[in-house]
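For reference, query-v1.txt (compact mmCIF, C-alpha atoms and all ligand atoms):
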```txt
# COMPACT_ATOMS: atom_id res chain seq x y z
CA MET A 29 0.00 0.00 0.00
CA HIS A 30 2.76 2.35 1.01
CA ARG A 31 4.54 1.74 -2.30
CA ALA A 32 1.38 2.34 -4.33
CA SER A 33 0.72 5.68 -2.68
CA GLU A 34 4.35 6.73 -3.20
CA SER A 35 4.10 5.95 -6.89
CA VAL A 36 0.85 7.91 -7.21
CA GLU A 37 2.55 10.88 -5.54
CA LEU A 38 5.55 10.58 -7.85
CA GLU A 39 3.27 10.46 -10.90
CA ALA A 40 1.40 13.57 -9.69
CA ALA A 41 4.70 15.38 -9.15
CA ILE A 42 5.98 14.49 -12.63
CA LEU A 43 2.73 15.57 -14.25
CA GLY A 44 2.68 18.77 -12.18
CA LYS A 45 6.20 19.73 -13.30
CA ASN A 46 5.30 18.89 -16.88
CA ASP A 47 2.12 21.01 -16.76
CA LYS A 48 4.08 24.01 -15.49
CA LEU A 49 6.54 23.80 -18.41
CA ALA A 50 3.67 23.17 -20.84
CA ALA A 51 2.00 26.38 -19.61
CA GLU A 52 5.26 28.26 -20.28
CA ASN A 53 5.41 26.79 -23.79
CA ARG A 54 1.77 27.72 -24.41
CA GLY A 55 2.35 31.32 -23.33
CA TRP A 56 5.43 31.64 -25.54
CA LEU A 57 3.62 30.15 -28.54
CA LYS A 58 0.55 32.33 -28.03
CA ALA A 59 2.61 35.51 -27.87
CA LYS A 60 4.08 34.67 -31.28
CA ASN A 61 0.81 33.36 -32.78
CA ILE A 62 2.41 30.00 -33.46
CA LEU A 63 -0.10 27.21 -33.99
CA ALA A 64 1.41 24.15 -32.31
CA LEU A 65 -0.23 20.80 -32.98
CA ASN A 66 0.65 17.56 -31.21
CA LEU A 67 0.19 14.58 -33.56
CA VAL A 68 -0.59 11.40 -31.65
CA SER A 69 -1.35 7.93 -32.98
CA SER A 70 -0.30 4.29 -33.11
CA PRO A 71 2.95 3.58 -34.94
CA GLY A 72 2.38 3.45 -38.68
CA SER A 73 -0.95 5.29 -38.92
CA GLY A 74 0.67 7.92 -41.13
CA LYS A 75 1.83 10.84 -38.95
CA THR A 76 5.06 11.42 -40.85
CA THR A 77 3.40 10.90 -44.23
CA LEU A 78 0.69 13.44 -43.37
CA LEU A 79 3.40 15.86 -42.26
CA GLU A 80 5.43 15.37 -45.45
CA ARG A 81 2.37 16.12 -47.58
CA THR A 82 1.28 19.08 -45.49
CA LEU A 83 4.76 20.62 -45.44
CA THR A 84 5.08 20.23 -49.20
CA ASP A 85 1.60 21.54 -50.06
CA LEU A 86 1.62 24.53 -47.65
CA LYS A 87 5.27 25.48 -48.15
CA ASP A 88 4.48 28.76 -49.92
CA LYS A 89 1.63 29.71 -47.58
CA ILE A 90 2.97 29.54 -44.02
CA PRO A 91 6.35 29.08 -42.34
CA MET A 92 6.49 25.69 -40.64
CA ALA A 93 8.81 23.78 -38.33
CA VAL A 94 8.69 20.26 -36.92
CA ILE A 95 9.68 18.48 -33.71
CA GLU A 96 9.95 14.72 -34.20
CA GLY A 97 9.63 12.31 -31.28
CA ASP A 98 10.73 8.68 -31.51
CA GLN A 99 12.42 6.28 -29.14
CA GLU A 100 15.34 5.85 -31.53
CA THR A 101 16.62 6.85 -35.01
CA LEU A 102 16.71 10.05 -37.00
CA ASN A 103 14.58 8.50 -39.77
CA ASP A 104 11.53 10.73 -39.46
CA ALA A 105 13.60 13.93 -39.09
CA GLU A 106 15.40 12.99 -42.30
CA ARG A 107 12.06 12.50 -44.08
CA ILE A 108 10.89 15.90 -42.83
CA ARG A 109 14.14 17.70 -43.74
CA ALA A 110 13.85 16.28 -47.26
CA THR A 111 10.81 18.55 -47.70
CA GLY A 112 13.02 21.56 -46.91
CA THR A 113 11.52 22.08 -43.44
CA ALA A 114 13.55 22.76 -40.28
CA CYS A 115 13.23 19.83 -37.88
CA VAL A 116 14.60 18.72 -34.52
CA GLN A 117 14.55 15.02 -33.62
CA VAL A 118 14.03 14.11 -29.97
CA ASN A 119 14.93 10.51 -29.06
CA THR A 120 13.18 9.44 -25.88
CA GLY A 121 15.13 6.17 -25.37
CA THR A 122 12.90 4.06 -23.13
CA GLY A 123 10.34 6.88 -22.87
CA CYS A 124 6.98 6.34 -24.56
CA HIS A 125 5.97 10.00 -25.03
CA LEU A 126 7.30 13.53 -25.46
CA GLU A 127 7.31 15.86 -22.45
CA ALA A 128 7.04 19.64 -22.28
CA ASP A 129 10.73 20.16 -21.45
CA MET A 130 11.76 18.26 -24.60
CA VAL A 131 9.50 20.49 -26.68
CA GLN A 132 10.88 23.57 -24.92
CA LYS A 133 14.45 22.56 -25.86
CA GLY A 134 13.33 21.72 -29.39
CA MET A 135 11.72 25.15 -29.75
CA GLU A 136 14.91 26.84 -28.49
CA GLN A 137 16.84 25.09 -31.25
CA LEU A 138 14.28 25.70 -33.98
CA ASP A 139 13.41 29.26 -32.96
CA PRO A 140 10.14 29.17 -34.96
CA GLN A 141 9.03 32.49 -36.42
CA GLU A 142 5.88 34.46 -35.59
CA ASN A 143 2.61 33.48 -37.33
CA SER A 144 3.89 30.01 -38.13
CA LEU A 145 2.93 26.40 -37.67
CA LEU A 146 4.82 24.09 -35.29
CA LEU A 147 4.03 20.45 -35.90
CA ILE A 148 5.03 17.98 -33.20
CA GLU A 149 5.04 14.25 -34.01
CA ASN A 150 4.74 12.37 -30.75
CA VAL A 151 6.09 8.87 -30.06
CA GLY A 152 3.72 6.34 -31.64
CA ASN A 153 1.27 4.94 -29.12
CA LEU A 154 -2.25 5.75 -28.03
CA VAL A 155 -1.65 5.61 -24.29
CA CYS A 156 0.84 7.84 -22.45
CA PRO A 157 1.02 10.82 -24.89
CA ALA A 158 -2.57 11.51 -23.76
CA LEU A 159 -1.32 12.40 -20.27
CA PHE A 160 1.42 14.85 -21.17
CA ASP A 161 0.52 18.38 -22.18
CA LEU A 162 3.27 19.87 -24.36
CA GLY A 163 1.79 23.37 -24.54
CA GLU A 164 0.19 22.65 -27.92
CA ARG A 165 -3.05 24.31 -29.04
CA ALA A 166 -4.53 20.94 -29.97
CA LYS A 167 -3.80 17.27 -30.00
CA VAL A 168 -4.50 15.70 -33.38
CA ALA A 169 -5.23 11.98 -33.10
CA ILE A 170 -4.63 10.01 -36.28
CA LEU A 171 -6.42 6.71 -36.80
CA SER A 172 -5.83 4.74 -39.98
CA VAL A 173 -8.48 2.50 -41.45
CA THR A 174 -6.30 -0.60 -41.08
CA GLU A 175 -6.41 -0.31 -37.27
CA GLY A 176 -10.08 -1.08 -36.66
CA ALA A 177 -13.05 1.13 -35.91
CA ASP A 178 -13.06 0.02 -32.26
CA LYS A 179 -9.86 1.89 -31.37
CA PRO A 180 -11.52 5.13 -30.17
CA ALA A 181 -13.51 3.10 -27.63
CA LYS A 182 -10.39 1.18 -26.54
CA TYR A 183 -8.24 4.30 -26.08
CA PRO A 184 -10.76 6.79 -24.70
CA HIS A 185 -8.21 8.96 -22.88
CA MET A 186 -6.49 9.85 -26.12
CA ILE A 187 -9.78 10.68 -27.83
CA ALA A 188 -10.92 12.74 -24.84
CA ALA A 189 -7.63 14.71 -24.87
CA SER A 190 -7.76 15.38 -28.63
CA ASP A 191 -9.58 18.18 -30.45
CA ILE A 192 -9.11 16.64 -33.86
CA LEU A 193 -9.45 13.12 -35.24
CA VAL A 194 -7.86 12.46 -38.62
CA ILE A 195 -9.02 9.21 -40.20
CA ASN A 196 -6.17 8.37 -42.56
CA LYS A 197 -5.61 5.86 -45.40
CA ILE A 198 -9.16 6.20 -46.73
CA ASP A 199 -7.73 5.06 -50.09
CA LEU A 200 -7.63 1.58 -48.49
CA LEU A 201 -11.33 1.51 -47.53
CA PRO A 202 -12.27 -0.79 -50.45
CA TYR A 203 -9.85 -3.42 -49.11
CA VAL A 204 -10.53 -3.41 -45.38
CA THR A 205 -13.55 -3.83 -43.15
CA PHE A 206 -13.60 -0.45 -41.41
CA ASP A 207 -16.89 1.22 -40.60
CA VAL A 208 -16.09 4.94 -40.82
CA ASP A 209 -19.42 6.01 -39.29
CA ALA A 210 -18.98 3.60 -36.37
CA ALA A 211 -15.44 4.92 -35.72
CA ILE A 212 -16.68 8.52 -35.74
CA GLN A 213 -19.62 7.65 -33.50
CA ALA A 214 -17.31 5.85 -31.04
CA ALA A 215 -15.07 8.93 -30.92
CA ARG A 216 -18.04 11.31 -30.46
CA ASP A 217 -19.46 9.14 -27.68
CA ILE A 218 -16.28 10.02 -25.77
CA ASN A 219 -15.70 13.53 -27.08
CA PRO A 220 -18.81 15.02 -28.74
CA ALA A 221 -16.91 18.12 -29.92
CA ILE A 222 -14.09 16.26 -31.69
CA LYS A 223 -13.58 17.53 -35.24
CA VAL A 224 -13.07 14.81 -37.84
CA PHE A 225 -11.14 14.85 -41.11
CA GLN A 226 -11.12 11.89 -43.49
CA VAL A 227 -7.98 11.85 -45.61
CA SER A 228 -5.49 9.86 -47.60
CA ALA A 229 -2.01 11.21 -46.95
CA THR A 230 -0.76 9.26 -49.96
CA ASN A 231 -3.27 10.15 -52.68
CA GLY A 232 -4.26 13.53 -51.23
CA GLU A 233 -8.00 12.86 -50.88
CA GLY A 234 -9.60 15.07 -48.22
CA LEU A 235 -6.45 17.09 -47.58
CA ASP A 236 -7.93 20.34 -48.94
CA VAL A 237 -10.33 20.47 -46.00
CA TRP A 238 -7.49 19.77 -43.56
CA TYR A 239 -5.41 22.57 -45.10
CA ASP A 240 -8.29 25.03 -45.01
CA TRP A 241 -8.74 24.32 -41.30
CA LEU A 242 -5.00 24.78 -40.61
CA LEU A 243 -4.89 28.07 -42.47
CA ALA A 244 -8.06 29.36 -40.81
CA GLU A 245 -6.65 28.48 -37.37
CA ILE A 246 -3.56 30.50 -38.02
CA GLY A 247 -5.42 33.35 -39.70
CA VAL A 248 -4.17 32.89 -43.27
CA SER A 249 -6.88 33.10 -45.90
CA GLY A 250 -7.02 31.25 -49.18
CA THR A 251 -7.70 27.75 -50.38
CA ILE A 252 -4.95 25.27 -51.04
CA GLN A 253 -5.18 22.46 -53.52
CA ALA A 254 -3.57 19.21 -52.49
CA ALA A 255 -0.93 18.16 -55.04
CA GLU A 256 -1.87 15.09 -57.10
N1 LIG B 301 -2.27 3.48 -48.42
C1 LIG B 301 -1.86 4.44 -47.60
N2 LIG B 301 -0.70 4.29 -46.93
C2 LIG B 301 -0.31 5.28 -46.10
C3 LIG B 301 -1.05 6.49 -45.94
N3 LIG B 301 -0.40 7.26 -45.04
C4 LIG B 301 0.70 6.58 -44.69
N4 LIG B 301 0.77 5.40 -45.33
C5 LIG B 301 1.82 4.38 -45.21
O1 LIG B 301 1.82 3.87 -43.88
C6 LIG B 301 3.15 3.56 -43.48
C7 LIG B 301 3.47 4.26 -42.17
O2 LIG B 301 3.46 5.67 -42.39
P1 LIG B 301 4.24 6.70 -41.46
O3 LIG B 301 3.91 8.05 -42.00
O4 LIG B 301 5.67 6.33 -41.34
O5 LIG B 301 3.50 6.46 -40.06
P2 LIG B 301 3.86 7.00 -38.59
O6 LIG B 301 4.57 5.88 -37.90
O7 LIG B 301 2.54 7.30 -37.96
O8 LIG B 301 4.70 8.22 -38.77
C8 LIG B 301 4.07 3.98 -44.63
O9 LIG B 301 4.35 2.83 -45.39
C9 LIG B 301 3.21 4.96 -45.40
O10 LIG B 301 3.54 5.02 -46.76
C10 LIG B 301 -2.28 6.62 -46.67
O11 LIG B 301 -3.02 7.61 -46.58
N5 LIG B 301 -2.62 5.57 -47.48
MG MG B 302 6.59 8.71 -37.96
```
As structure tokens, please, write out the structure in this file.
Amino acid sequence: MHRASESVELEAAILGKNDKLAAENRGWLKAKNILALNLVSSPGSGKTTLLERTLTDLKDKIPMAVIEGDQETLNDAERIRATGTACVQVNTGTGCHLEADMVQKGMEQLDPQENSLLLIENVGNLVCPALFDLGERAKVAILSVTEGADKPAKYPHMIAASDILVINKIDLLPYVTFDVDAAIQAARDINPAIKVFQVSATNGEGLDVWYDWLLAEIGVSGTIQAAE
């Protein structure tokens, strides 16, 4: 019993310290009108692919920078830099999520400009990134159609913490049994206000609506066409 209560106290202390740094990040980002989004999902649902497309298609519209979180490797940072975008890779080692201090250090290195977009790719899993505020304006949960429509119900904390749900890989819908309406309903049962985008990060379907939302959030007008 004693041990259990100690570990609860430790967890509360860690989260408390994180929340304080996240609040600092949020204040700094707000003062510069930087839209920071925290992309959370299972491994392989398409976070980096969605980023690559978004960075390429919006390149001439808004300045953007990326913080990449993974346990190991520089692979995703290399994919992002290939689009011409500044990127910092954070390797968390045994850690399963990014924390606010990592994002703070990443922002110091990147020094993102005013009125820009800061995209943060979290470590791939639907569990602990839900607990750690990074100072972002919104968490964007990405669910691909190969994962099963029951995942919102199985990972309710992530859905509750997210403002946006991107359903990705809709180009694969003819080949998988994924009930889009059931997935959306499951997400809305947990978070009625969650905003949903249905996209294919590979063939570009649905990305126009995603881009319009991004630009409106940051106060840039104009419609962007997704590249073929
Ligand atoms: N068919 C299809 N494949 C996709 C799509 N988005 C990503 N992928 C593929 O899914 C795999 C994992 O993508 P990645 O972006 O690395 O996922 P991450 O681990 O969430 O960053 C890669 O092979 C991508 O090419 C999509 O919209 N449609
Ligand atoms: Mg990735």
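Checking A:Lys45, A:Arg31, A:Arg216, A:Lys223 one by one against Ala128 of chain A, counting only C-alpha atoms, you find the shortest gap at A:Lys45.
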### Query
Restricting the calculation to only C-alpha atoms and all ligand atoms, which member of A:Leu242, A:Ala50, A:Ala40, A:Val94 is positioned closest to ligand MG 302 (chain B)?
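That would be A:Val94, the residue with the smallest distance to ligand MG 302 (chain B).
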Could you make a table, as CSV, of the residues of chain A that have an atom within 6 Å of an atom of ligand LIG 301 (chain B), each with its nearest atom pair and distance in Å to one decimal, counting only C-alpha atoms and all ligand atoms, in chain and number order?
```
residue,atom,partner,partner_atom,distance
A:Pro71,CA,B:LIG301,O6,4.1
A:Gly72,CA,B:LIG301,O6,3.4
A:Ser73,CA,B:LIG301,O7,4.1
A:Gly74,CA,B:LIG301,O3,3.4
A:Lys75,CA,B:LIG301,O7,3.7
A:Thr76,CA,B:LIG301,O3,3.7
A:Thr77,CA,B:LIG301,O3,3.7
A:Asn196,CA,B:LIG301,O11,5.2
A:Lys197,CA,B:LIG301,O11,3.3
A:Asp199,CA,B:LIG301,N5,5.8
A:Leu200,CA,B:LIG301,N1,5.7
A:Ser228,CA,B:LIG301,O11,3.5
A:Ala229,CA,B:LIG301,O11,3.8
A:Thr230,CA,B:LIG301,O11,4.4
```
Generate the output file for the selected residues, C-alpha atoms, as a PDB file, keeping the file's coordinate frame.
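As written to disk, selection.pdb reads:
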```pdb
ATOM      1  CA  PRO A  71       2.950   3.580 -34.940  1.00  0.00           C
ATOM      2  CA  GLY A  72       2.380   3.450 -38.680  1.00  0.00           C
ATOM      3  CA  SER A  73      -0.950   5.290 -38.920  1.00  0.00           C
ATOM      4  CA  GLY A  74       0.670   7.920 -41.130  1.00  0.00           C
ATOM      5  CA  LYS A  75       1.830  10.840 -38.950  1.00  0.00           C
ATOM      6  CA  THR A  76       5.060  11.420 -40.850  1.00  0.00           C
ATOM      7  CA  THR A  77       3.400  10.900 -44.230  1.00  0.00           C
ATOM      8  CA  ASN A 196      -6.170   8.370 -42.560  1.00  0.00           C
ATOM      9  CA  LYS A 197      -5.610   5.860 -45.400  1.00  0.00           C
ATOM     10  CA  ASP A 199      -7.730   5.060 -50.090  1.00  0.00           C
ATOM     11  CA  LEU A 200      -7.630   1.580 -48.490  1.00  0.00           C
ATOM     12  CA  SER A 228      -5.490   9.860 -47.600  1.00  0.00           C
ATOM     13  CA  ALA A 229      -2.010  11.210 -46.950  1.00  0.00           C
ATOM     14  CA  THR A 230      -0.760   9.260 -49.960  1.00  0.00           C
TER      15      THR A 230
END
```
#### Entry: Distance criterion (all atoms listed in the file): nearest to ligand MG 302 (chain B) out of A:Thr122, A:Thr113, A:Thr205, A:Ser69
A:Ser69
### Query
So what do you get for atom CA of Val116 of chain A versus atom CA of Ile148 of chain A, distance-wise?
9.7 Å
### Summary
Using all atoms listed in the file, the shortest atom-to-atom distance to Glu245 of chain A among A:Arg109, A:Asp139, A:Ala64, A:Asn219 belongs to A:Ala64
### Task
Can you work out which one of A:Glu136, A:Asp209, A:Asp217, A:Asp104 has the shortest atom-to-atom distance to ligand MG 302 (chain B), counting all atoms listed in the file?
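Of the candidates, the smallest distance to ligand MG 302 (chain B) is held by A:Asp104.
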Please, which residues in chain A fall within 12 Å of ligand MG 302 (chain B) when counting only C-alpha atoms and all ligand atoms, and what is the closest atom pair and distance in Å to one decimal for each, ordered by chain then residue number, as CSV?
```
residue,atom,partner,partner_atom,distance
A:Leu67,CA,B:MG302,MG,9.7
A:Val68,CA,B:MG302,MG,9.9
A:Ser69,CA,B:MG302,MG,9.4
A:Ser70,CA,B:MG302,MG,9.5
A:Pro71,CA,B:MG302,MG,7.0
A:Gly72,CA,B:MG302,MG,6.8
A:Ser73,CA,B:MG302,MG,8.3
A:Gly74,CA,B:MG302,MG,6.8
A:Lys75,CA,B:MG302,MG,5.3
A:Thr76,CA,B:MG302,MG,4.2
A:Thr77,CA,B:MG302,MG,7.4
A:Leu78,CA,B:MG302,MG,9.3
A:Leu79,CA,B:MG302,MG,8.9
A:Glu80,CA,B:MG302,MG,10.1
A:Val94,CA,B:MG302,MG,11.8
A:Ile95,CA,B:MG302,MG,11.1
A:Glu96,CA,B:MG302,MG,7.8
A:Gly97,CA,B:MG302,MG,8.2
A:Asp98,CA,B:MG302,MG,7.7
A:Gln99,CA,B:MG302,MG,10.8
A:Glu100,CA,B:MG302,MG,11.2
A:Thr101,CA,B:MG302,MG,10.6
A:Leu102,CA,B:MG302,MG,10.3
A:Asn103,CA,B:MG302,MG,8.2
A:Asp104,CA,B:MG302,MG,5.5
A:Ala105,CA,B:MG302,MG,8.8
A:Glu106,CA,B:MG302,MG,10.7
A:Arg107,CA,B:MG302,MG,9.0
A:Ile108,CA,B:MG302,MG,9.7
A:Gln117,CA,B:MG302,MG,11.0
A:Ile148,CA,B:MG302,MG,10.5
A:Glu149,CA,B:MG302,MG,7.0
A:Asn150,CA,B:MG302,MG,8.3
A:Val151,CA,B:MG302,MG,7.9
A:Gly152,CA,B:MG302,MG,7.3
A:Asn153,CA,B:MG302,MG,11.0
A:Ile170,CA,B:MG302,MG,11.4
```
Would you write out those residues with C-alpha atoms, as a PDB file, in the coordinates of the input?
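Contents of again_19.pdb, as written:
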```pdb
ATOM      1  CA  LEU A  67       0.190  14.580 -33.560  1.00  0.00           C
ATOM      2  CA  VAL A  68      -0.590  11.400 -31.650  1.00  0.00           C
ATOM      3  CA  SER A  69      -1.350   7.930 -32.980  1.00  0.00           C
ATOM      4  CA  SER A  70      -0.300   4.290 -33.110  1.00  0.00           C
ATOM      5  CA  PRO A  71       2.950   3.580 -34.940  1.00  0.00           C
ATOM      6  CA  GLY A  72       2.380   3.450 -38.680  1.00  0.00           C
ATOM      7  CA  SER A  73      -0.950   5.290 -38.920  1.00  0.00           C
ATOM      8  CA  GLY A  74       0.670   7.920 -41.130  1.00  0.00           C
ATOM      9  CA  LYS A  75       1.830  10.840 -38.950  1.00  0.00           C
ATOM     10  CA  THR A  76       5.060  11.420 -40.850  1.00  0.00           C
ATOM     11  CA  THR A  77       3.400  10.900 -44.230  1.00  0.00           C
ATOM     12  CA  LEU A  78       0.690  13.440 -43.370  1.00  0.00           C
ATOM     13  CA  LEU A  79       3.400  15.860 -42.260  1.00  0.00           C
ATOM     14  CA  GLU A  80       5.430  15.370 -45.450  1.00  0.00           C
ATOM     15  CA  VAL A  94       8.690  20.260 -36.920  1.00  0.00           C
ATOM     16  CA  ILE A  95       9.680  18.480 -33.710  1.00  0.00           C
ATOM     17  CA  GLU A  96       9.950  14.720 -34.200  1.00  0.00           C
ATOM     18  CA  GLY A  97       9.630  12.310 -31.280  1.00  0.00           C
ATOM     19  CA  ASP A  98      10.730   8.680 -31.510  1.00  0.00           C
ATOM     20  CA  GLN A  99      12.420   6.280 -29.140  1.00  0.00           C
ATOM     21  CA  GLU A 100      15.340   5.850 -31.530  1.00  0.00           C
ATOM     22  CA  THR A 101      16.620   6.850 -35.010  1.00  0.00           C
ATOM     23  CA  LEU A 102      16.710  10.050 -37.000  1.00  0.00           C
ATOM     24  CA  ASN A 103      14.580   8.500 -39.770  1.00  0.00           C
ATOM     25  CA  ASP A 104      11.530  10.730 -39.460  1.00  0.00           C
ATOM     26  CA  ALA A 105      13.600  13.930 -39.090  1.00  0.00           C
ATOM     27  CA  GLU A 106      15.400  12.990 -42.300  1.00  0.00           C
ATOM     28  CA  ARG A 107      12.060  12.500 -44.080  1.00  0.00           C
ATOM     29  CA  ILE A 108      10.890  15.900 -42.830  1.00  0.00           C
ATOM     30  CA  GLN A 117      14.550  15.020 -33.620  1.00  0.00           C
ATOM     31  CA  ILE A 148       5.030  17.980 -33.200  1.00  0.00           C
ATOM     32  CA  GLU A 149       5.040  14.250 -34.010  1.00  0.00           C
ATOM     33  CA  ASN A 150       4.740  12.370 -30.750  1.00  0.00           C
ATOM     34  CA  VAL A 151       6.090   8.870 -30.060  1.00  0.00           C
ATOM     35  CA  GLY A 152       3.720   6.340 -31.640  1.00  0.00           C
ATOM     36  CA  ASN A 153       1.270   4.940 -29.120  1.00  0.00           C
ATOM     37  CA  ILE A 170      -4.630  10.010 -36.280  1.00  0.00           C
TER      38      ILE A 170
END
```
